[in-house]
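Q: Pasting a structure below so you can have a look.
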Amino acid sequence: MTNNRKIIMDCDPGHDDALAIILAASKISPLTIEAITTVSGNVDVEKNTLNALKICDMIGLDETPVAKGADRPLFKEREVAEEIHGETGLDGPVLPEKPTKELAEVHAVDVIIEKVLNSNQNVTLVATGPLTNVALAIRKDPRIVPKIEEIVLMGGGTFGNWTPAAEFNIYVDAEAAKIVFDSDIPIAMFGLDVTHQAIANRDIMNDFKAIGNPVAQFAADLLDFFLTTNEEVFGLEGGPVHDACTIAYLIQPSLFDLKHVRVDIETKGEFTYGMTSVDMLGVTGKQANVTFAQNLNRDGFWELFNDSLKSYG
Ligand code: RIB
Ligand code: CA
């Protein structure tokens, strides 16, 4: 597969979702964004859909449809992360109150199904929020399964950030994640093990600012807020731009060390609900279903990001 993929970005913007969209839509990206679909996650789907429209306005992504998706997980109650992303889900940057871009009238799940079934090449789903929409699409029309090139998702890991065992995207809708991980669709998983290597600090924020175009300034403003909340909530030395790792992989896979492993999703445990059980040593004897990203070339990642921001000049 060349890097010239058609992608659908299912997301919950969210600062790091926004950075992933900026990277995917840049002039150095070989990717074609067929659609952006939104799902309840960082904040409720109404808010993050508004954010998606505003992000598209900001970066000039005029032709790509934005469609609103699930407003809650399959079974659980909604859970949000406003302590990380703020009340709007995109606190920090100053954006117009109302977007000019129109929201698609079709539900996100139907957009995913229609785009995948009607595409002349297999489509890659990039999922950077809870997997509710992706699971619903698979269940509603299984014909999409053989026509999906890969699901490239940010989620999970060998440790958690929402519980000790579970990462937020998986934890919010573990039942949906189980449907996706058991679907036989090839998965590339960017969990906390690797996304915590993509930590932005204030030097990186200032590098973005120095580029001097509006999109680079927007990215710097996103980081300014996101760094602070990650430092305060998790005690990290900056903000891990989790979701951008999915797009960096699609543009430059050599930035990552990858390992094929078996990953199963825990949906029953009192302390482990939402855990991605990553079989690093193959002890289950089960067939591998995931390309698991282990390590990141950090300098190369930030060089790619800076080049992408410069391309908006
Ligand atoms: O745990 C990090 C993930 O949860 C990221 O996708 C972030 O945007 C939030 O959705
Ligand atoms: Ca996200």
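Chain identifiers are assigned as A, B, and so on, following the order in which chains appear in the structure tokens; residues are numbered from 1 within each chain, and ligands are numbered from 1 in order of appearance.
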Neighbouring residues of range 194-198 of chain A were defined as those with any atom within 10 Å, considering only C-alpha atoms; residues of the same chain fewer than 2 positions away were excluded. Please report them as a PDB file with N, CA and C atoms, in the first residue's frame.
A:
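So the final result, stored in around.pdb, reads:
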ATOM      1  N   MET A 154      -5.856   5.575  17.816  1.00  0.00           N
ATOM      2  CA  MET A 154      -5.203   5.954  19.054  1.00  0.00           C
ATOM      3  C   MET A 154      -6.068   5.385  20.160  1.00  0.00           C
ATOM      4  N   GLY A 155      -5.458   4.521  20.990  1.00  0.00           N
ATOM      5  CA  GLY A 155      -6.207   3.977  22.102  1.00  0.00           C
ATOM      6  C   GLY A 155      -5.422   2.885  22.790  1.00  0.00           C
ATOM      7  N   GLY A 157      -3.094   0.588  25.388  1.00  0.00           N
ATOM      8  CA  GLY A 157      -1.699   0.602  25.823  1.00  0.00           C
ATOM      9  C   GLY A 157      -1.496  -0.432  26.920  1.00  0.00           C
ATOM     10  N   MET A 189      -2.359   0.108  16.150  1.00  0.00           N
ATOM     11  CA  MET A 189      -2.748   0.679  17.446  1.00  0.00           C
ATOM     12  C   MET A 189      -1.649   1.577  17.994  1.00  0.00           C
ATOM     13  N   PHE A 190      -2.017   2.821  18.267  1.00  0.00           N
ATOM     14  CA  PHE A 190      -1.094   3.783  18.869  1.00  0.00           C
ATOM     15  C   PHE A 190      -1.600   4.062  20.288  1.00  0.00           C
ATOM     16  N   GLY A 191      -1.046   3.288  21.204  1.00  0.00           N
ATOM     17  CA  GLY A 191      -1.442   3.381  22.600  1.00  0.00           C
ATOM     18  C   GLY A 191      -0.518   4.297  23.373  1.00  0.00           C
ATOM     19  N   LEU A 192      -0.771   4.353  24.686  1.00  0.00           N
ATOM     20  CA  LEU A 192      -0.014   5.307  25.508  1.00  0.00           C
ATOM     21  C   LEU A 192       1.482   4.994  25.541  1.00  0.00           C
ATOM     22  N   ALA A 200       4.753  17.106  23.669  1.00  0.00           N
ATOM     23  CA  ALA A 200       5.095  18.475  23.272  1.00  0.00           C
ATOM     24  C   ALA A 200       5.424  19.278  24.525  1.00  0.00           C
ATOM     25  N   ASN A 201       6.526  20.036  24.468  1.00  0.00           N
ATOM     26  CA  ASN A 201       6.861  20.942  25.575  1.00  0.00           C
ATOM     27  C   ASN A 201       6.845  22.373  25.046  1.00  0.00           C
ATOM     28  N   LEU A 236       2.707  15.339  33.903  1.00  0.00           N
ATOM     29  CA  LEU A 236       3.639  15.084  32.797  1.00  0.00           C
ATOM     30  C   LEU A 236       4.481  16.324  32.522  1.00  0.00           C
ATOM     31  N   GLY A 238       4.757  17.999  29.890  1.00  0.00           N
ATOM     32  CA  GLY A 238       4.254  18.519  28.615  1.00  0.00           C
ATOM     33  C   GLY A 238       2.962  17.799  28.242  1.00  0.00           C
ATOM     34  N   GLY A 239       2.585  17.951  26.947  1.00  0.00           N
ATOM     35  CA  GLY A 239       1.326  17.349  26.503  1.00  0.00           C
ATOM     36  C   GLY A 239       1.571  16.306  25.429  1.00  0.00           C
ATOM     37  N   PRO A 240       1.237  15.041  25.688  1.00  0.00           N
ATOM     38  CA  PRO A 240       1.393  14.007  24.652  1.00  0.00           C
ATOM     39  C   PRO A 240       0.367  14.191  23.543  1.00  0.00           C
ATOM     40  N   VAL A 241       0.840  14.441  22.330  1.00  0.00           N
ATOM     41  CA  VAL A 241      -0.091  14.683  21.215  1.00  0.00           C
ATOM     42  C   VAL A 241      -0.518  13.332  20.639  1.00  0.00           C
ATOM     43  N   HIS A 242      -1.212  12.581  21.469  1.00  0.00           N
ATOM     44  CA  HIS A 242      -1.600  11.198  21.191  1.00  0.00           C
ATOM     45  C   HIS A 242      -2.053  10.982  19.743  1.00  0.00           C
ATOM     46  N   ASP A 243      -3.096  11.702  19.354  1.00  0.00           N
ATOM     47  CA  ASP A 243      -3.799  11.388  18.098  1.00  0.00           C
ATOM     48  C   ASP A 243      -2.949  11.639  16.864  1.00  0.00           C
ATOM     49  N   ALA A 244      -2.030  12.588  16.958  1.00  0.00           N
ATOM     50  CA  ALA A 244      -1.188  12.913  15.794  1.00  0.00           C
ATOM     51  C   ALA A 244      -0.296  11.738  15.405  1.00  0.00           C
ATOM     52  N   CYS A 245      -0.061  10.816  16.330  1.00  0.00           N
ATOM     53  CA  CYS A 245       0.776   9.645  16.007  1.00  0.00           C
ATOM     54  C   CYS A 245       0.149   8.795  14.903  1.00  0.00           C
ATOM     55  N   THR A 246      -1.181   8.748  14.863  1.00  0.00           N
ATOM     56  CA  THR A 246      -1.844   7.935  13.819  1.00  0.00           C
ATOM     57  C   THR A 246      -1.517   8.466  12.430  1.00  0.00           C
ATOM     58  N   PHE A 256       8.278   4.745  13.435  1.00  0.00           N
ATOM     59  CA  PHE A 256       7.826   3.887  14.525  1.00  0.00           C
ATOM     60  C   PHE A 256       8.460   2.495  14.465  1.00  0.00           C
ATOM     61  N   ASP A 257       8.703   1.922  15.654  1.00  0.00           N
ATOM     62  CA  ASP A 257       8.988   0.488  15.759  1.00  0.00           C
ATOM     63  C   ASP A 257       7.652  -0.195  15.984  1.00  0.00           C
ATOM     64  N   PHE A 292       1.241  -3.115  16.646  1.00  0.00           N
ATOM     65  CA  PHE A 292       1.350  -2.340  17.888  1.00  0.00           C
ATOM     66  C   PHE A 292       2.570  -1.432  17.806  1.00  0.00           C
ATOM     67  N   ALA A 293       2.362  -0.140  17.948  1.00  0.00           N
ATOM     68  CA  ALA A 293       3.480   0.824  17.877  1.00  0.00           C
ATOM     69  C   ALA A 293       4.165   0.885  19.234  1.00  0.00           C
ATOM     70  N   GLN A 294       5.478   0.585  19.226  1.00  0.00           N
ATOM     71  CA  GLN A 294       6.217   0.523  20.483  1.00  0.00           C
ATOM     72  C   GLN A 294       7.064   1.759  20.726  1.00  0.00           C
ATOM     73  N   ASN A 295       7.848   2.163  19.722  1.00  0.00           N
ATOM     74  CA  ASN A 295       8.774   3.278  19.908  1.00  0.00           C
ATOM     75  C   ASN A 295       8.650   4.294  18.790  1.00  0.00           C
ATOM     76  N   LEU A 296       9.018   5.531  19.126  1.00  0.00           N
ATOM     77  CA  LEU A 296       8.889   6.648  18.184  1.00  0.00           C
ATOM     78  C   LEU A 296      10.236   7.341  18.021  1.00  0.00           C
ATOM     79  N   ASN A 297      10.538   7.691  16.801  1.00  0.00           N
ATOM     80  CA  ASN A 297      11.685   8.568  16.523  1.00  0.00           C
ATOM     81  C   ASN A 297      11.208   9.997  16.780  1.00  0.00           C
ATOM     82  N   ARG A 298      11.502  10.492  18.003  1.00  0.00           N
ATOM     83  CA  ARG A 298      10.904  11.774  18.426  1.00  0.00           C
ATOM     84  C   ARG A 298      11.367  12.939  17.561  1.00  0.00           C
ATOM     85  N   ASP A 299      12.664  12.986  17.285  1.00  0.00           N
ATOM     86  CA  ASP A 299      13.165  14.116  16.474  1.00  0.00           C
ATOM     87  C   ASP A 299      12.512  14.106  15.093  1.00  0.00           C
ATOM     88  N   PHE A 301       9.631  12.820  14.335  1.00  0.00           N
ATOM     89  CA  PHE A 301       8.209  13.171  14.477  1.00  0.00           C
ATOM     90  C   PHE A 301       8.029  14.686  14.474  1.00  0.00           C
ATOM     91  N   TRP A 302       8.820  15.384  15.293  1.00  0.00           N
ATOM     92  CA  TRP A 302       8.653  16.847  15.392  1.00  0.00           C
ATOM     93  C   TRP A 302       9.139  17.545  14.129  1.00  0.00           C
TER      94      TRP A 302
END
Q: Compute the set of protein, DNA and RNA residues whose minimum atom distance to ligand 2 is at most 6 Å, using only C-alpha atoms and all ligand atoms, and state it as JSON, numbers by chain.
A: {"A": [11, 12, 13, 14, 17, 128, 129, 243]}
Q: Could those selected residues go to a file with all heavy atoms, as a PDB file, in the first residue's frame?
A:
ATOM      1  N   CYS A  11     -13.320  11.198  15.099  1.00  0.00           N
ATOM      2  CA  CYS A  11     -12.584  11.890  16.160  1.00  0.00           C
ATOM      3  C   CYS A  11     -13.500  12.585  17.159  1.00  0.00           C
ATOM      4  O   CYS A  11     -14.719  12.671  16.961  1.00  0.00           O
ATOM      5  CB  CYS A  11     -11.649  12.910  15.521  1.00  0.00           C
ATOM      6  SG  CYS A  11     -12.478  14.099  14.443  1.00  0.00           S
ATOM      7  N   ASP A  12     -12.857  13.116  18.225  1.00  0.00           N
ATOM      8  CA  ASP A  12     -13.601  13.835  19.271  1.00  0.00           C
ATOM      9  C   ASP A  12     -12.839  15.107  19.648  1.00  0.00           C
ATOM     10  O   ASP A  12     -12.441  15.299  20.804  1.00  0.00           O
ATOM     11  CB  ASP A  12     -13.822  12.944  20.506  1.00  0.00           C
ATOM     12  CG  ASP A  12     -12.516  12.457  21.142  1.00  0.00           C
ATOM     13  OD1 ASP A  12     -11.470  12.485  20.474  1.00  0.00           O
ATOM     14  OD2 ASP A  12     -12.544  12.082  22.343  1.00  0.00           O
ATOM     15  N   PRO A  13     -12.613  15.995  18.690  1.00  0.00           N
ATOM     16  CA  PRO A  13     -11.730  17.154  18.936  1.00  0.00           C
ATOM     17  C   PRO A  13     -12.216  18.072  20.053  1.00  0.00           C
ATOM     18  O   PRO A  13     -13.318  18.600  19.990  1.00  0.00           O
ATOM     19  CB  PRO A  13     -11.731  17.903  17.595  1.00  0.00           C
ATOM     20  CG  PRO A  13     -12.906  17.426  16.857  1.00  0.00           C
ATOM     21  CD  PRO A  13     -13.219  16.051  17.363  1.00  0.00           C
ATOM     22  N   GLY A  14     -11.279  18.248  20.857  1.00  0.00           N
ATOM     23  CA  GLY A  14     -10.028  17.658  21.336  1.00  0.00           C
ATOM     24  C   GLY A  14      -8.800  18.220  20.643  1.00  0.00           C
ATOM     25  O   GLY A  14      -8.742  18.285  19.423  1.00  0.00           O
ATOM     26  N   ASP A  17      -6.699  15.704  18.638  1.00  0.00           N
ATOM     27  CA  ASP A  17      -7.434  15.381  17.405  1.00  0.00           C
ATOM     28  C   ASP A  17      -7.228  16.497  16.379  1.00  0.00           C
ATOM     29  O   ASP A  17      -6.997  16.254  15.193  1.00  0.00           O
ATOM     30  CB  ASP A  17      -8.926  15.258  17.680  1.00  0.00           C
ATOM     31  CG  ASP A  17      -9.273  14.251  18.751  1.00  0.00           C
ATOM     32  OD1 ASP A  17      -9.094  14.569  19.943  1.00  0.00           O
ATOM     33  OD2 ASP A  17      -9.695  13.142  18.402  1.00  0.00           O
ATOM     34  N   THR A 128      -9.627   8.396  16.456  1.00  0.00           N
ATOM     35  CA  THR A 128      -8.875   9.035  17.555  1.00  0.00           C
ATOM     36  C   THR A 128      -9.786   9.414  18.722  1.00  0.00           C
ATOM     37  O   THR A 128      -9.431  10.271  19.540  1.00  0.00           O
ATOM     38  CB  THR A 128      -8.123  10.290  17.053  1.00  0.00           C
ATOM     39  OG1 THR A 128      -9.084  11.218  16.506  1.00  0.00           O
ATOM     40  CG2 THR A 128      -7.091   9.925  16.001  1.00  0.00           C
ATOM     41  N   GLY A 129     -10.914   8.802  18.765  1.00  0.00           N
ATOM     42  CA  GLY A 129     -11.835   8.948  19.897  1.00  0.00           C
ATOM     43  C   GLY A 129     -12.368   7.567  20.260  1.00  0.00           C
ATOM     44  O   GLY A 129     -11.876   6.552  19.761  1.00  0.00           O
ATOM     45  N   ASP A 243      -3.096  11.702  19.354  1.00  0.00           N
ATOM     46  CA  ASP A 243      -3.799  11.388  18.098  1.00  0.00           C
ATOM     47  C   ASP A 243      -2.949  11.639  16.864  1.00  0.00           C
ATOM     48  O   ASP A 243      -3.120  10.967  15.844  1.00  0.00           O
ATOM     49  CB  ASP A 243      -5.100  12.200  18.006  1.00  0.00           C
ATOM     50  CG  ASP A 243      -6.057  11.837  19.126  1.00  0.00           C
ATOM     51  OD1 ASP A 243      -5.933  10.734  19.699  1.00  0.00           O
ATOM     52  OD2 ASP A 243      -6.924  12.667  19.461  1.00  0.00           O
TER      53      ASP A 243
END
Q: I need the residues in range 158-267 of chain A that are strand (DSSP E) according to DSSP; give them as a PDB file with N, CA, C and O atoms, in the first residue's frame.
A:
ATOM      1  N   ILE A 187      -5.598  -3.765  12.222  1.00  0.00           N
ATOM      2  CA  ILE A 187      -5.571  -2.606  13.134  1.00  0.00           C
ATOM      3  C   ILE A 187      -4.133  -2.186  13.371  1.00  0.00           C
ATOM      4  O   ILE A 187      -3.258  -3.032  13.616  1.00  0.00           O
ATOM      5  N   ALA A 188      -3.889  -0.886  13.314  1.00  0.00           N
ATOM      6  CA  ALA A 188      -2.622  -0.321  13.793  1.00  0.00           C
ATOM      7  C   ALA A 188      -2.966   0.489  15.032  1.00  0.00           C
ATOM      8  O   ALA A 188      -3.803   1.402  14.970  1.00  0.00           O
ATOM      9  N   MET A 189      -2.359   0.108  16.150  1.00  0.00           N
ATOM     10  CA  MET A 189      -2.748   0.679  17.446  1.00  0.00           C
ATOM     11  C   MET A 189      -1.649   1.577  17.994  1.00  0.00           C
ATOM     12  O   MET A 189      -0.499   1.148  18.155  1.00  0.00           O
ATOM     13  N   PHE A 190      -2.017   2.821  18.267  1.00  0.00           N
ATOM     14  CA  PHE A 190      -1.094   3.783  18.869  1.00  0.00           C
ATOM     15  C   PHE A 190      -1.600   4.062  20.288  1.00  0.00           C
ATOM     16  O   PHE A 190      -2.464   4.908  20.510  1.00  0.00           O
ATOM     17  N   ILE A 199       5.630  13.776  23.360  1.00  0.00           N
ATOM     18  CA  ILE A 199       5.236  14.817  24.321  1.00  0.00           C
ATOM     19  C   ILE A 199       5.716  16.192  23.839  1.00  0.00           C
ATOM     20  O   ILE A 199       6.915  16.393  23.605  1.00  0.00           O
ATOM     21  N   ALA A 200       4.753  17.106  23.669  1.00  0.00           N
ATOM     22  CA  ALA A 200       5.095  18.475  23.272  1.00  0.00           C
ATOM     23  C   ALA A 200       5.424  19.278  24.525  1.00  0.00           C
ATOM     24  O   ALA A 200       4.708  19.202  25.516  1.00  0.00           O
ATOM     25  N   GLY A 239       2.585  17.951  26.947  1.00  0.00           N
ATOM     26  CA  GLY A 239       1.326  17.349  26.503  1.00  0.00           C
ATOM     27  C   GLY A 239       1.571  16.306  25.429  1.00  0.00           C
ATOM     28  O   GLY A 239       2.070  16.636  24.348  1.00  0.00           O
ATOM     29  N   PRO A 240       1.237  15.041  25.688  1.00  0.00           N
ATOM     30  CA  PRO A 240       1.393  14.007  24.652  1.00  0.00           C
ATOM     31  C   PRO A 240       0.367  14.191  23.543  1.00  0.00           C
ATOM     32  O   PRO A 240      -0.829  14.155  23.796  1.00  0.00           O
ATOM     33  N   PHE A 256       8.278   4.745  13.435  1.00  0.00           N
ATOM     34  CA  PHE A 256       7.826   3.887  14.525  1.00  0.00           C
ATOM     35  C   PHE A 256       8.460   2.495  14.465  1.00  0.00           C
ATOM     36  O   PHE A 256       8.708   1.970  13.384  1.00  0.00           O
ATOM     37  N   ASP A 257       8.703   1.922  15.654  1.00  0.00           N
ATOM     38  CA  ASP A 257       8.988   0.488  15.759  1.00  0.00           C
ATOM     39  C   ASP A 257       7.652  -0.195  15.984  1.00  0.00           C
ATOM     40  O   ASP A 257       6.902   0.185  16.903  1.00  0.00           O
ATOM     41  N   LEU A 258       7.368  -1.202  15.171  1.00  0.00           N
ATOM     42  CA  LEU A 258       6.042  -1.837  15.183  1.00  0.00           C
ATOM     43  C   LEU A 258       6.180  -3.321  15.462  1.00  0.00           C
ATOM     44  O   LEU A 258       7.169  -3.941  15.069  1.00  0.00           O
ATOM     45  N   LYS A 259       5.180  -3.881  16.151  1.00  0.00           N
ATOM     46  CA  LYS A 259       5.239  -5.322  16.478  1.00  0.00           C
ATOM     47  C   LYS A 259       3.844  -5.897  16.311  1.00  0.00           C
ATOM     48  O   LYS A 259       2.855  -5.286  16.741  1.00  0.00           O
ATOM     49  N   HIS A 260       3.732  -7.048  15.648  1.00  0.00           N
ATOM     50  CA  HIS A 260       2.425  -7.691  15.454  1.00  0.00           C
ATOM     51  C   HIS A 260       2.104  -8.528  16.693  1.00  0.00           C
ATOM     52  O   HIS A 260       2.871  -9.438  17.049  1.00  0.00           O
ATOM     53  N   VAL A 261       1.010  -8.199  17.335  1.00  0.00           N
ATOM     54  CA  VAL A 261       0.641  -8.876  18.584  1.00  0.00           C
ATOM     55  C   VAL A 261      -0.860  -9.135  18.620  1.00  0.00           C
ATOM     56  O   VAL A 261      -1.633  -8.563  17.837  1.00  0.00           O
ATOM     57  N   ARG A 262      -1.254  -9.959  19.585  1.00  0.00           N
ATOM     58  CA  ARG A 262      -2.670 -10.176  19.866  1.00  0.00           C
ATOM     59  C   ARG A 262      -3.127  -9.157  20.906  1.00  0.00           C
ATOM     60  O   ARG A 262      -2.459  -8.964  21.931  1.00  0.00           O
ATOM     61  N   VAL A 263      -4.221  -8.488  20.649  1.00  0.00           N
ATOM     62  CA  VAL A 263      -4.804  -7.577  21.641  1.00  0.00           C
ATOM     63  C   VAL A 263      -6.281  -7.912  21.806  1.00  0.00           C
ATOM     64  O   VAL A 263      -7.027  -8.001  20.828  1.00  0.00           O
ATOM     65  N   ASP A 264      -6.666  -8.137  23.055  1.00  0.00           N
ATOM     66  CA  ASP A 264      -8.079  -8.365  23.385  1.00  0.00           C
ATOM     67  C   ASP A 264      -8.557  -7.271  24.330  1.00  0.00           C
ATOM     68  O   ASP A 264      -7.776  -6.686  25.074  1.00  0.00           O
ATOM     69  N   ILE A 265      -9.842  -7.005  24.311  1.00  0.00           N
ATOM     70  CA  ILE A 265     -10.423  -5.913  25.105  1.00  0.00           C
ATOM     71  C   ILE A 265     -11.194  -6.504  26.273  1.00  0.00           C
ATOM     72  O   ILE A 265     -12.049  -7.374  26.113  1.00  0.00           O
TER      73      ILE A 265
END
Q: Which of these, A:Ile151, A:Val172, A:Ile185, A:Leu103, has the shortest distance to Thr132 in chain A once you count only C-alpha atoms?
A: A:Val172
Q: Might you pull out every residue within 8 Å of Gly41 in chain A, with only C-alpha atoms counted and same-chain residues fewer than 4 positions away left off, and present them as a ChimeraX atom specification?
A: /A:12,45,78-81,129-130,169,172
Q: Export, as a compact mmCIF listing (two decimals), in the first residue's frame, the selected residues with all heavy atoms.
A:
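Dumped to part-v8.txt:
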# COMPACT_ATOMS: atom_id res chain seq x y z
N ASP A 12 -12.86 13.12 18.22
CA ASP A 12 -13.60 13.83 19.27
C ASP A 12 -12.84 15.11 19.65
O ASP A 12 -12.44 15.30 20.80
CB ASP A 12 -13.82 12.94 20.51
CG ASP A 12 -12.52 12.46 21.14
OD1 ASP A 12 -11.47 12.48 20.47
OD2 ASP A 12 -12.54 12.08 22.34
N VAL A 45 -20.83 15.25 21.82
CA VAL A 45 -20.65 15.25 20.36
C VAL A 45 -21.11 16.57 19.74
O VAL A 45 -20.58 16.99 18.70
CB VAL A 45 -21.38 14.05 19.72
CG1 VAL A 45 -22.90 14.23 19.73
CG2 VAL A 45 -20.86 13.77 18.32
N ARG A 78 -22.37 8.37 28.95
CA ARG A 78 -21.31 9.21 28.40
C ARG A 78 -20.30 9.57 29.49
O ARG A 78 -20.66 9.76 30.64
CB ARG A 78 -21.94 10.49 27.85
CG ARG A 78 -21.03 11.48 27.23
CD ARG A 78 -21.79 12.74 26.80
NE ARG A 78 -23.01 12.43 26.07
CZ ARG A 78 -24.19 12.98 26.35
NH1 ARG A 78 -24.31 13.81 27.35
NH2 ARG A 78 -25.25 12.67 25.63
N GLU A 79 -19.02 9.67 29.11
CA GLU A 79 -17.98 10.12 30.04
C GLU A 79 -17.08 11.08 29.25
O GLU A 79 -16.70 10.76 28.11
CB GLU A 79 -17.18 8.92 30.55
CG GLU A 79 -16.27 9.24 31.69
CD GLU A 79 -16.10 8.04 32.64
OE1 GLU A 79 -16.72 6.98 32.43
OE2 GLU A 79 -15.36 8.21 33.61
N VAL A 80 -16.77 12.24 29.80
CA VAL A 80 -16.00 13.25 29.05
C VAL A 80 -14.70 13.60 29.79
O VAL A 80 -14.51 13.20 30.94
CB VAL A 80 -16.84 14.52 28.81
CG1 VAL A 80 -18.03 14.21 27.91
CG2 VAL A 80 -17.27 15.15 30.12
N ALA A 81 -13.85 14.38 29.11
CA ALA A 81 -12.52 14.70 29.67
C ALA A 81 -12.29 16.21 29.62
O ALA A 81 -11.28 16.70 29.09
CB ALA A 81 -11.44 13.97 28.89
N GLY A 129 -10.91 8.80 18.76
CA GLY A 129 -11.84 8.95 19.90
C GLY A 129 -12.37 7.57 20.26
O GLY A 129 -11.88 6.55 19.76
N PRO A 130 -13.38 7.50 21.14
CA PRO A 130 -14.03 6.21 21.42
C PRO A 130 -14.55 5.58 20.12
O PRO A 130 -14.87 6.28 19.16
CB PRO A 130 -15.17 6.62 22.35
CG PRO A 130 -14.66 7.86 23.04
CD PRO A 130 -13.87 8.60 21.99
N ASN A 169 -10.00 6.47 25.45
CA ASN A 169 -10.79 6.14 24.26
C ASN A 169 -11.39 4.74 24.34
O ASN A 169 -12.52 4.51 23.94
CB ASN A 169 -9.93 6.24 22.99
CG ASN A 169 -9.67 7.67 22.57
OD1 ASN A 169 -10.37 8.59 23.02
ND2 ASN A 169 -8.67 7.87 21.73
N VAL A 172 -14.06 4.54 27.52
CA VAL A 172 -15.37 5.18 27.35
C VAL A 172 -16.36 4.23 26.69
O VAL A 172 -17.55 4.24 27.00
CB VAL A 172 -15.21 6.47 26.51
CG1 VAL A 172 -16.56 6.96 25.97
CG2 VAL A 172 -14.56 7.56 27.35
Q: Find the residues around Ala52 in chain A up to 8 Å (only C-alpha atoms counted), leave out those fewer than 4 positions away in its own chain, and share them as a ChimeraX atom specification.
A: /A:13,18,36,38,48,56,66
Q: Write out as a ChimeraX atom specification each polymer residue whose atoms come within 12 Å of Asp184 in chain A, counting only C-alpha atoms; drop sequence neighbours fewer than 6 positions from it.
A: /A:138,142,144-151,178,262-263,287-290
Q: Print the selection's residues with C-alpha atoms to a file, as a PDB file, in the first residue's frame.
A:
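Generated file (out-v3.pdb):
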ATOM      1  CA  ILE A 138     -19.356  -2.577  11.209  1.00  0.00           C
ATOM      2  CA  PRO A 142     -20.650  -5.740   7.493  1.00  0.00           C
ATOM      3  CA  ILE A 144     -17.560  -2.578   4.706  1.00  0.00           C
ATOM      4  CA  VAL A 145     -15.206  -5.010   6.506  1.00  0.00           C
ATOM      5  CA  PRO A 146     -13.290  -6.281   3.407  1.00  0.00           C
ATOM      6  CA  LYS A 147     -13.177  -2.759   1.943  1.00  0.00           C
ATOM      7  CA  ILE A 148     -11.373  -1.195   4.920  1.00  0.00           C
ATOM      8  CA  GLU A 149      -7.612  -1.123   4.323  1.00  0.00           C
ATOM      9  CA  GLU A 150      -6.768  -0.680   8.003  1.00  0.00           C
ATOM     10  CA  ILE A 151      -8.121   0.882  11.161  1.00  0.00           C
ATOM     11  CA  LYS A 178     -14.266  -5.212  21.450  1.00  0.00           C
ATOM     12  CA  ARG A 262      -2.670 -10.176  19.866  1.00  0.00           C
ATOM     13  CA  VAL A 263      -4.804  -7.577  21.641  1.00  0.00           C
ATOM     14  CA  GLN A 287      -3.439 -15.027  16.076  1.00  0.00           C
ATOM     15  CA  ALA A 288      -2.070 -11.486  16.086  1.00  0.00           C
ATOM     16  CA  ASN A 289      -4.722  -8.888  15.185  1.00  0.00           C
ATOM     17  CA  VAL A 290      -2.811  -5.659  15.802  1.00  0.00           C
TER      18      VAL A 290
END
Q: DSSP on the backbone: what in range 109-170 of chain A comes out alpha helix (DSSP H), as a list in words?
A: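 Of range 109-170 of chain A, the ones in alpha helix (DSSP H) are Val109, Asp110, Val111, Ile112, Ile113, Glu114, Lys115, Val116, Leu117, Asn118, Thr132, Asn133, Val134, Ala135, Leu136, Ala137, Ile138, Arg139, Lys140, Phe168, Asn169 and Ile170 of chain A.
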Q: Looking at only C-alpha atoms, which of A:Glu232, A:Glu102, A:Asp193, A:Glu77 is the one that sits closest to Asp57 in chain A?
A: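 Result for the nearest residue to Asp57 in chain A: A:Glu102.
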Q: Show which residues sit within 10 Å of Phe208 in chain A, as a ChimeraX atom specification. Count only C-alpha atoms, and ignore same-chain residues fewer than 5 positions away.
A: /A:202-203,213,215-221,223,302,305-307,309-310
Q: Any idea what's packed within 9 Å of His85 in chain A, counting only C-alpha atoms, ignoring anything in its chain fewer than 5 positions away? Could you give it as JSON, numbers by chain?
A: {"A": [13, 14, 15, 42, 43, 90, 91, 92, 225, 226, 229]}
Q: Report the distance between CA of Asn122 in chain A and CA of Ala35 in chain A in Å, rounded to one decimal place.
A: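 Between CA of Asn122 in chain A and CA of Ala35 in chain A the gap is 14.2 Å.
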Q: Taking only C-alpha atoms and all ligand atoms into account, name the residue in A:Ala20, A:Leu61, A:Ala174, A:Val278 that is nearest to ligand 1.
A: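 Ranked by minimum distance to ligand 1, first place goes to A:Ala20.
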Q: Can you measure atom 4 (O, counted along the ligand's line) of ligand 1 to CA of Pro164 in chain A for me? One decimal in Å is fine.
A: 14.5 Å
Q: Hey, can you check how far CA of Phe271 in chain A sits from CA of Ala176 in chain A?
A: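 Going from CA of Phe271 in chain A over to CA of Ala176 in chain A covers 18.5 Å.
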